[in-house]
Structures are given as C-alpha cells and as structure tokens.
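J.: For reference, the file final-v4.cif (mmCIF, C-alpha atoms (C1' of nucleotides)) is included below:
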data_model
#
loop_
_atom_site.label_atom_id
_atom_site.label_comp_id
_atom_site.auth_asym_id
_atom_site.auth_seq_id
_atom_site.Cartn_x
_atom_site.Cartn_y
_atom_site.Cartn_z
CA MET A 74 -9.08 14.06 20.06
CA ARG A 75 -9.10 10.31 20.45
CA PRO A 76 -6.26 8.78 22.44
CA LEU A 77 -3.47 7.50 20.22
CA PHE A 78 -3.44 3.82 19.43
CA HIS A 79 -0.20 1.87 19.44
CA PRO A 80 -0.23 -1.87 18.74
CA ALA A 81 1.50 -4.18 21.20
CA LEU A 82 4.71 -5.68 19.82
CA GLU A 83 3.11 -9.08 19.29
CA ASP A 84 0.21 -7.55 17.38
CA ILE A 85 2.41 -5.88 14.79
CA ARG A 86 1.82 -7.41 11.37
CA PRO A 87 4.40 -7.54 8.61
CA GLU A 88 1.88 -6.47 5.96
CA ALA A 89 1.17 -3.30 7.91
CA ILE A 90 4.86 -2.47 8.06
CA LEU A 91 5.41 -3.13 4.39
CA TYR A 92 2.35 -1.15 3.48
CA ALA A 93 3.38 1.80 5.64
CA LEU A 94 6.86 1.88 4.16
CA SER A 95 5.73 1.28 0.58
CA ASP A 96 4.96 4.98 0.37
CA PRO A 97 8.23 6.78 -0.32
CA GLU A 98 7.07 9.84 1.56
CA ARG A 99 6.30 7.80 4.64
CA ALA A 100 9.52 5.87 4.27
CA ALA A 101 11.42 9.14 4.12
CA ILE A 102 9.72 10.34 7.29
CA PHE A 103 10.57 7.09 9.01
CA ALA A 104 14.16 7.26 7.82
CA TRP A 105 14.38 10.80 9.09
CA LEU A 106 13.04 9.75 12.48
CA SER A 107 15.55 6.91 12.57
CA GLY A 108 18.34 9.35 11.89
CA ALA A 109 17.27 12.25 14.10
CA GLY A 110 17.78 10.83 17.58
CA CYS A 111 15.44 13.38 19.12
CA GLY A 112 11.67 12.94 18.92
CA GLY A 113 10.81 14.46 15.57
CA THR A 114 7.64 16.51 15.23
CA CYS A 115 5.47 17.18 12.21
CA SER A 116 6.48 20.79 11.97
CA ALA A 117 10.18 20.09 12.49
CA LEU A 118 9.96 17.93 9.42
CA GLY A 119 9.60 20.77 6.97
CA GLN A 120 9.96 19.49 3.49
CA LEU A 121 10.91 16.12 2.09
CA GLY A 122 12.08 16.40 -1.48
CA GLU A 123 10.31 18.87 -3.76
CA ARG A 124 6.79 18.74 -2.54
CA VAL A 125 5.32 20.52 0.46
CA ILE A 126 3.22 17.89 2.21
CA PRO A 127 -0.17 19.22 3.35
CA LYS A 128 -0.50 18.90 7.09
CA SER A 129 -3.56 16.70 6.94
CA SER A 130 -1.58 14.28 4.82
CA LEU A 131 1.35 14.53 7.18
CA SER A 132 -0.92 13.78 10.10
CA ASN A 133 -2.23 10.77 8.26
CA HIS A 134 1.28 9.56 7.46
CA PHE A 135 2.18 9.66 11.13
CA LYS A 136 -1.02 7.84 11.97
CA VAL A 137 -0.25 5.05 9.51
CA LEU A 138 3.29 4.73 10.85
CA ARG A 139 2.00 4.69 14.41
CA GLU A 140 -0.78 2.17 13.88
CA SER A 141 1.43 -0.16 11.91
CA GLY A 142 3.73 -0.23 14.92
CA LEU A 143 6.67 1.58 13.36
CA ILE A 144 6.69 4.61 15.59
CA LEU A 145 5.70 5.75 19.04
CA SER A 146 3.95 9.12 19.33
CA GLU A 147 3.57 11.05 22.51
CA ARG A 148 2.04 14.42 23.10
CA GLN A 149 4.51 16.77 24.71
CA GLY A 150 2.84 20.09 25.35
CA VAL A 151 1.57 21.49 22.11
CA GLU A 152 3.51 19.20 19.89
CA MET A 153 3.79 15.51 19.15
CA ARG A 154 7.11 13.77 19.66
CA ASN A 155 7.68 10.76 17.49
CA GLN A 156 10.30 8.08 17.78
CA THR A 157 10.86 4.80 16.02
CA ARG A 158 10.33 1.41 17.64
CA CYS A 159 13.37 0.04 15.82
CA ALA A 160 14.84 -1.92 18.72
CA GLU A 161 11.57 -3.71 19.52
CA LEU A 162 10.86 -4.29 15.85
CA ASP A 163 14.22 -5.84 15.21
CA GLU A 164 13.48 -8.32 17.93
CA ARG A 165 10.20 -9.30 16.35
CA PHE A 166 11.26 -9.11 12.69
CA PRO A 167 15.02 -9.54 12.61
CA GLY A 168 16.79 -7.52 9.95
CA LEU A 169 13.61 -6.25 8.35
CA ILE A 170 13.73 -2.57 9.15
CA LYS A 171 17.42 -2.28 8.45
CA ALA A 172 17.08 -4.02 5.09
CA ILE A 173 14.26 -1.69 4.09
CA LEU A 174 16.11 1.45 5.10
CA THR A 175 19.18 0.21 3.28
CA ALA A 176 17.13 -0.50 0.17
CA TYR A 177 15.76 3.03 0.16
CA GLY A 178 19.14 4.46 1.03
CA GLN A 179 20.53 3.19 -2.25
CA LEU A 180 18.42 5.66 -4.17
CA PRO A 181 19.60 9.21 -4.80
CA GLU A 182 16.76 10.93 -2.91
CA GLN A 183 17.46 11.84 0.70
CA PRO A 184 15.07 13.20 3.29
CA LYS A 185 15.98 16.80 4.09
CA ALA A 186 14.56 18.80 6.95
CA ASP A 187 14.55 22.58 6.80
CA MET B 216 -2.06 -10.23 -25.40
CA ARG B 217 0.57 -7.62 -24.74
CA PRO B 218 4.10 -8.84 -24.21
CA LEU B 219 4.99 -9.16 -20.53
CA PHE B 220 6.96 -6.35 -18.98
CA HIS B 221 9.83 -7.08 -16.62
CA PRO B 222 11.86 -4.22 -15.15
CA ALA B 223 15.64 -4.34 -15.44
CA LEU B 224 17.39 -5.03 -12.16
CA GLU B 225 18.53 -1.43 -11.81
CA ASP B 226 15.02 -0.13 -12.38
CA ILE B 227 13.50 -2.09 -9.53
CA ARG B 228 12.25 0.23 -6.82
CA PRO B 229 12.00 -0.66 -3.16
CA GLU B 230 8.55 0.93 -2.83
CA ALA B 231 7.25 -1.36 -5.56
CA ILE B 232 8.58 -4.41 -3.76
CA LEU B 233 7.18 -3.37 -0.42
CA TYR B 234 3.88 -2.53 -1.97
CA ALA B 235 3.65 -5.84 -3.81
CA LEU B 236 4.45 -7.81 -0.68
CA SER B 237 2.24 -5.72 1.60
CA ASP B 238 -0.69 -7.79 0.37
CA PRO B 239 -0.69 -11.05 2.34
CA GLU B 240 -2.18 -12.94 -0.57
CA ARG B 241 0.57 -11.77 -2.89
CA ALA B 242 3.19 -12.41 -0.24
CA ALA B 243 1.88 -15.96 0.15
CA ILE B 244 2.09 -16.49 -3.60
CA PHE B 245 5.63 -15.19 -3.62
CA ALA B 246 6.59 -17.36 -0.66
CA TRP B 247 5.10 -20.35 -2.41
CA LEU B 248 7.10 -19.59 -5.56
CA SER B 249 10.24 -19.26 -3.46
CA GLY B 250 9.62 -22.63 -1.94
CA ALA B 251 8.46 -24.54 -5.00
CA GLY B 252 11.64 -24.75 -7.04
CA CYS B 253 9.74 -25.44 -10.22
CA GLY B 254 8.07 -22.61 -12.15
CA GLY B 255 4.73 -22.26 -10.44
CA THR B 256 1.66 -21.57 -12.51
CA CYS B 257 -1.58 -19.85 -11.62
CA SER B 258 -3.61 -23.01 -11.72
CA ALA B 259 -1.05 -25.06 -9.79
CA LEU B 260 -1.53 -22.60 -6.99
CA GLY B 261 -4.99 -23.73 -6.02
CA GLN B 262 -6.00 -22.14 -2.80
CA LEU B 263 -4.15 -19.99 -0.32
CA GLY B 264 -5.84 -20.00 3.06
CA GLU B 265 -9.62 -20.00 3.17
CA ARG B 266 -10.52 -17.93 0.20
CA VAL B 267 -10.64 -19.07 -3.41
CA ILE B 268 -8.93 -16.30 -5.32
CA PRO B 269 -10.79 -15.37 -8.52
CA LYS B 270 -8.58 -15.89 -11.52
CA SER B 271 -8.73 -12.29 -12.65
CA SER B 272 -7.42 -11.30 -9.23
CA LEU B 273 -4.78 -13.97 -9.42
CA SER B 274 -3.71 -12.72 -12.81
CA ASN B 275 -3.45 -9.25 -11.39
CA HIS B 276 -1.40 -10.45 -8.42
CA PHE B 277 1.10 -12.05 -10.77
CA LYS B 278 1.22 -8.88 -12.81
CA VAL B 279 1.99 -6.77 -9.75
CA LEU B 280 4.69 -9.20 -8.66
CA ARG B 281 6.15 -9.24 -12.15
CA GLU B 282 6.14 -5.50 -12.71
CA SER B 283 7.61 -4.79 -9.31
CA GLY B 284 10.54 -7.00 -10.29
CA LEU B 285 9.86 -9.82 -7.85
CA ILE B 286 9.17 -12.57 -10.35
CA LEU B 287 9.93 -13.61 -13.89
CA SER B 288 7.06 -14.94 -15.98
CA GLU B 289 7.45 -16.86 -19.15
CA ARG B 290 4.84 -18.41 -21.36
CA GLN B 291 5.39 -22.14 -21.79
CA GLY B 292 2.77 -23.52 -24.09
CA VAL B 293 -0.63 -22.86 -22.69
CA GLU B 294 0.53 -21.96 -19.22
CA MET B 295 2.67 -19.34 -17.55
CA ARG B 296 5.72 -20.39 -15.59
CA ASN B 297 6.72 -18.08 -12.81
CA GLN B 298 9.91 -17.97 -10.83
CA THR B 299 11.33 -15.54 -8.32
CA ARG B 300 14.21 -13.20 -9.01
CA CYS B 301 15.55 -13.75 -5.50
CA ALA B 302 19.22 -14.05 -6.40
CA GLU B 303 19.25 -10.85 -8.45
CA LEU B 304 17.18 -9.05 -5.87
CA ASP B 305 19.47 -9.98 -3.04
CA GLU B 306 22.30 -8.42 -4.95
CA ARG B 307 20.43 -5.16 -5.36
CA PHE B 308 18.73 -5.08 -1.96
CA PRO B 309 20.79 -7.23 0.38
CA GLY B 310 18.80 -9.14 2.95
CA LEU B 311 15.49 -7.55 2.03
CA ILE B 312 13.59 -10.46 0.56
CA LYS B 313 14.78 -12.90 3.14
CA ALA B 314 13.83 -10.59 6.00
CA ILE B 315 10.36 -10.13 4.55
CA LEU B 316 9.78 -13.83 4.05
CA THR B 317 11.03 -14.51 7.54
CA ALA B 318 8.71 -11.86 8.95
CA TYR B 319 5.71 -13.46 7.27
CA GLY B 320 6.91 -16.91 8.19
CA GLN B 321 6.53 -16.12 11.85
CA LEU B 322 2.77 -15.94 11.53
CA PRO B 323 0.61 -19.06 11.82
CA GLU B 324 -0.83 -18.85 8.30
CA GLN B 325 1.01 -20.87 5.67
CA PRO B 326 0.49 -20.90 1.94
CA LYS B 327 -0.97 -24.24 0.95
CA ALA B 328 -1.37 -25.51 -2.57
CA ASP B 329 -3.99 -28.10 -3.35
"C1'" DT C 105 -11.66 -26.97 -37.43
"C1'" DC C 106 -13.48 -27.26 -32.98
"C1'" DC C 107 -12.90 -27.86 -28.06
"C1'" DG C 108 -10.80 -27.30 -23.57
"C1'" DT C 109 -7.55 -25.18 -20.69
"C1'" DA C 110 -4.60 -21.12 -19.01
"C1'" DG C 111 -4.53 -16.81 -18.40
"C1'" DT C 112 -5.64 -11.67 -19.79
"C1'" DT C 113 -8.46 -7.69 -20.47
"C1'" DC C 114 -12.50 -4.95 -19.75
"C1'" DA C 115 -15.69 -2.34 -17.15
"C1'" DG C 116 -18.40 -0.96 -13.43
"C1'" DA C 117 -18.91 -1.23 -8.32
"C1'" DA C 118 -16.63 -0.76 -4.02
"C1'" DA C 119 -12.97 0.75 -1.27
"C1'" DT C 120 -9.10 3.71 -0.42
"C1'" DT C 121 -6.38 7.85 -0.58
"C1'" DC C 122 -5.73 12.78 -0.82
"C1'" DG C 123 -6.06 17.38 0.89
"C1'" DG C 124 -8.51 21.86 1.99
"C1'" DA C 125 -11.27 23.68 5.58
"C1'" DA C 126 -12.93 23.50 10.01
"C1'" DC C 127 -11.99 21.92 14.46
"C1'" DT C 128 -9.52 20.53 19.11
"C1'" DG C 129 -6.29 20.99 22.62
"C1'" DT C 130 -2.34 23.36 24.65
"C1'" DT C 131 0.62 27.33 25.87
"C1'" DG C 132 1.59 31.98 26.71
"C1'" DA C 133 0.25 36.84 26.85
"C1'" DT C 134 -2.76 40.47 28.49
"C1'" DA D 257 -10.34 34.64 32.67
"C1'" DT D 258 -10.04 35.66 27.97
"C1'" DC D 259 -7.73 35.75 23.83
"C1'" DA D 260 -4.53 34.58 20.19
"C1'" DA D 261 -1.29 31.59 18.13
"C1'" DC D 262 0.30 27.26 17.13
"C1'" DA D 263 0.50 21.94 16.44
"C1'" DG D 264 -1.89 18.61 14.94
"C1'" DT D 265 -6.52 16.04 14.05
"C1'" DT D 266 -10.89 15.24 11.96
"C1'" DC D 267 -14.27 15.72 8.38
"C1'" DC D 268 -15.85 15.06 3.94
"C1'" DG D 269 -16.03 15.38 -1.06
"C1'" DA D 270 -13.12 14.46 -5.21
"C1'" DA D 271 -9.91 11.59 -7.41
"C1'" DT D 272 -7.61 7.39 -7.67
"C1'" DT D 273 -7.10 2.55 -7.00
"C1'" DT D 274 -8.60 -2.11 -6.25
"C1'" DC D 275 -11.56 -5.98 -7.03
"C1'" DT D 276 -13.84 -9.40 -9.73
"C1'" DG D 277 -17.42 -11.43 -13.02
"C1'" DA D 278 -17.82 -11.75 -17.80
"C1'" DA D 279 -15.95 -11.65 -22.18
"C1'" DC D 280 -11.95 -12.45 -24.63
"C1'" DT D 281 -7.23 -14.22 -26.50
"C1'" DA D 282 -3.73 -17.75 -27.02
"C1'" DC D 283 -2.17 -22.23 -27.43
"C1'" DG D 284 -2.38 -27.38 -27.93
"C1'" DG D 285 -4.64 -31.64 -28.96
"C1'" DA D 286 -8.11 -34.55 -31.33
#
What is this file in structure tokens?
T.:
Amino acid sequence: MRPLFHPALEDIRPEAILYALSDPERAAIFAWLSGAGCGGTCSALGQLGERVIPKSSLSNHFKVLRESGLILSERQGVEMRNQTRCAELDERFPGLIKAILTAYGQLPEQPKAD
Amino acid sequence: MRPLFHPALEDIRPEAILYALSDPERAAIFAWLSGAGCGGTCSALGQLGERVIPKSSLSNHFKVLRESGLILSERQGVEMRNQTRCAELDERFPGLIKAILTAYGQLPEQPKAD
DNA sequence: TCCGTAGTTCAGAAATTCGGAACTGTTGAT
DNA sequence: ATCAACAGTTCCGAATTTCTGAACTACGGA
C-alpha cells in the first residue's frame, strides 16, 4: 500500500475542495467527521441515507477528501482514523468550510451512522 | 432553441453550486460576472488565462452556471446577457458565494477579459 | 432576401467515475 | 510460526460524463 498523500496547507486548492464536497455522499461523510469528534473510520460510518456505499467507493471517497486537503488520515492498527483539517482550512480559506456545511445542513437529509 | 431553464431559488442545491464552481474556468467566468456589473456576454469574455475556450465549451459553462442557479441569462437581441444571482443566493446560502470567491481570489490567477 | 454575428446543439472521442473481485497489511488466536 | 478475520486499498472493465469541432438556429441590419 502506498503511503498516504496529504497536501501541505499552502498547496490546497479551492477547486479541489469544491469538487470533493460537490458529491453529496462525500459531503455527508465530511459533515459526519466534523461532527464526530473522534477519528471516524470507514467501517464506523455504516450507512449514509438509503444506500449502502460499496467499500471500494468509500475508500475512494476518503482518498478524494484526503488529497483535496479536507481530511487527515492516519493508520491506527488495523483501521484508518480520519479527522478534518477544519482549523487549518479556515485559516487558509476563511468561512468557506462553515458556509458549505451550513448550506448542506439546510437540506432535510442528515448523515446517520449505524 | 429550447427556452432557458432557471431553477427557482428554493430548488437550488448546494452540490450543484459547488460542482459548477469546482471548475476553475467556470469559477473565473462567474467571478468576472460578479465584478462586471453589466450583463456579461460570451463574446465579451474573450480569454481567461492562457487558453482560448472553444465557444461550444463556453456555451456549456454558461449552461452549467445557469442550471445550478448561479446566474440568470436573458436573450437581448442577438446576444445573451448574463448576471449573477448573488443577492438571492446569499439569502439561501449565507456567506457561501463570497467565501468561494474569496478562496479563489487568493490565488495568483485572475480572470482577464480582452 | 441575404449576410454576419451570437450562441446552441449534435455526435463521437477522450477522460472520469463506479464498484465487484482480488489483494495488502495488521491483529489476535492457536 | 501459521492461520483466520478484519479494515481498507488496488485493479480493471463497464457505464457515465466531459470536451469540442462542425453543423445548426436565431436575430438584426443592409
């Protein structure tokens, strides 16, 4: 397995962030990570809405979030702990993440972990 | 030519906005429209950065912006006047558009019309 | 009516995304 | 040490989406 790539704060590009969060499934994962203080793992995520997300897709979602600079992933034993980079991001792009989460929050659908 | 579709304010979805603006070319067009108070047209746009954007691509960019709810297009004689829906949008998604434009604004590249 | 300009639509090539199956790496049990 | 189970990744073919040149439509002026 290749080592995980995380962009440096100054290399994070707005288009990558918008792209990553333009997928409602990914946005829901990110929102869930923002909420759950602990480092969320793929398997802890369970289901988001109706659909069961195949694990290869889930893995890809985390990869997109990671490489866009939205989250930090770290292997911890057998599982992968993920946390948002919200504080850093708000420094670089003031108000952006919050505005996006708020925008999504206005819709009925909520992320729900089982 | 089919009549132009514009979503009602309440039908505008955050994912559509993020998707539309996750393309730097489209974001630059939108930023340019936000700046230029007048209704910008395709041909007034000229060039954005290095690349000359083919007009079919340009037409498609405007369509994506329009159908995501970001801009209002109106035929005026032979040309199409476009303006942003910033005020409305800020009501529905407070702070979102501004934060996105600010995020892009931090990068060196500027939209430039010839 | 005929021409030029502004923009749209069409269609095929290229690129991207999706997801099942196989694989890797880690832990714990025997 | 070997094995099994589990968490997640990678691979790769199918489906979808994007891109753009060429053809087309719409309008205005001469």
J.: When you count only C-alpha atoms (C1' of nucleotides), which of these residues is closest to chain D: B:Ser237, B:Ile286, B:Gly292, B:Pro222?
T.: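 Of B:Ser237, B:Ile286, B:Gly292, B:Pro222, the one nearest chain D, counting only C-alpha atoms (C1' of nucleotides), is B:Gly292.
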J.: So what does the PyMOL selection byres ((chain A) within 10 of (chain D)) actually pick up in this one, as a list in words?
T.: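 That selection, the PyMOL selection byres ((chain A) within 10 of (chain D)), comes back as Met74, Arg75, Thr114, Cys115, Ser116, Lys128, Ser129, Leu131, Ser132, Asn133, Arg148, Gly150, Val151, Glu152 and Met153 of chain A.
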J.: Figure out the distance between atom CA of Pro229 of chain B and atom CA of Val267 of chain B, please, to one decimal in Å.
T.: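 Atom-to-atom, atom CA of Val267 of chain B and atom CA of Pro229 of chain B are spaced 29.2 Å apart.
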J.: Output the contact residues of chain C with respect to chain B at a cut-off of 8 Å, based on all atoms listed in the file, as an mmCIF file with C-alpha atoms (C1' of nucleotides), in the frame of the given file.
T.:
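Dumped to iface_15.cif:
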data_model
loop_
_atom_site.group_PDB
_atom_site.id
_atom_site.type_symbol
_atom_site.label_atom_id
_atom_site.label_comp_id
_atom_site.auth_asym_id
_atom_site.auth_seq_id
_atom_site.Cartn_x
_atom_site.Cartn_y
_atom_site.Cartn_z
ATOM 1 C "C1'" DT C 109 -7.550 -25.180 -20.690
ATOM 2 C "C1'" DA C 110 -4.600 -21.120 -19.010
ATOM 3 C "C1'" DG C 111 -4.530 -16.810 -18.400
ATOM 4 C "C1'" DT C 112 -5.640 -11.670 -19.790
#
J.: Taking the file above as input, evaluate the PyMOL selection byres ((chain B) within 12 of (chain A)) and report the hits as an MDAnalysis selection string.
T.: chainID B and resid 225:243 283 304:323
